[in-house]
Amino acid sequence: MTQVKHIVFDIGMVLIHYDPHAAYLDVIPDAHERKWFFDNVCTHEWNIEQDRGRKWHEAEALLIADFPDREHHIRAFRQNWHMMVPHSIDGSVEIMRKLIADGHDVTMLTNFASDTLREAWERYPFLTESRGVTISGDIGLIKPDKAIYDHHAATFDLDASATLFIDDSAKNVAGAKAAGWQSVQFIDPETLKVDLNNLGIRI
């Protein structure tokens with residue numbers, strides 16, 4: 001394999017994990033009402049629109065127009081979203097920090113909306129550390145399009161063939177390989193350590 005000069009993490013379901021039901025137990029205490037809200041209002045499709053860069057106030061206005069009797073809960077989603085984003089519990093953050101401390105050039109590729117990105121920076125200081133994790137946001141592309149990897153490589157001036165992509169989704173790993181990146185699938189921290197060792201990267 002080509003020498004690894006840059007490491008990109010895209011393990012959003014591990015590093016930044018949304019668990020809305022747990023976060024909203026207090027905000028929407030009634031279980032049936034909470035289920036209705038997430039089935040009809042805060043849907044996967046709605047979250048995808050935020051990933052595409054739509055501003056929160058625009059999304060709120062549209063949802064409130066459709067569900068005026070749920071205005072309080074819709075606004076509460078924006079006000080309390082950070083409760084849904086705990087630190088990784090499986091060691092992936094620690095692995096990234098160790099790679100950074102050892103001098104590796106590491107970024108994280110994900111598609112946050114711009115306003116969510118600013119709050120993520122405030123909540124997770126390591127996202128702005130020197131040589132640390134940066135987030136490619138506001139690019140208006142949804143994985144696993146090859147274009148998103150090309151865009152990231154161009155933005156950070158990466159040599160795709162010398163970039164190692166780590167992701168917990170086999171589909172995204174395939175997309176990165178299609179763009180010419182070296183790629184491994186994140187299964188768990190110990191497996192990742194073995195995979196990195198096999199590439200000559202010690203952590």
# chains A, B, ... in the order shown; residues from 1 in each chain; ligands from 1

call {"tool": "residues_around", "arguments": {"residues": "Asp195 (chain A)", "least_positions_apart": "4", "cutoff": "12 Å", "atoms": "only C-alpha atoms", "output": "list of chain:residue names"}}
result
A:Leu164, A:Phe165, A:Ile166, A:Gln182, A:Ser183, A:Val184, A:Gln185, A:Phe186, A:Ile187, A:Asp188, A:Pro189, A:Glu190, A:Thr191, A:Leu199, A:Gly200, A:Ile201, A:Arg202, A:Ile203

call {"tool": "closest_residue", "arguments": {"among": "A:Val41, A:Ala101, A:Val93, A:Arg78", "to": "Ala65 (chain A)", "atoms": "only C-alpha atoms"}}
result
A:Val41

call {"tool": "atom_distance", "arguments": {"atom1": "CA of Ala59 (chain A)", "atom2": "CA of Asp10 (chain A)"}}
result
25.5 Å
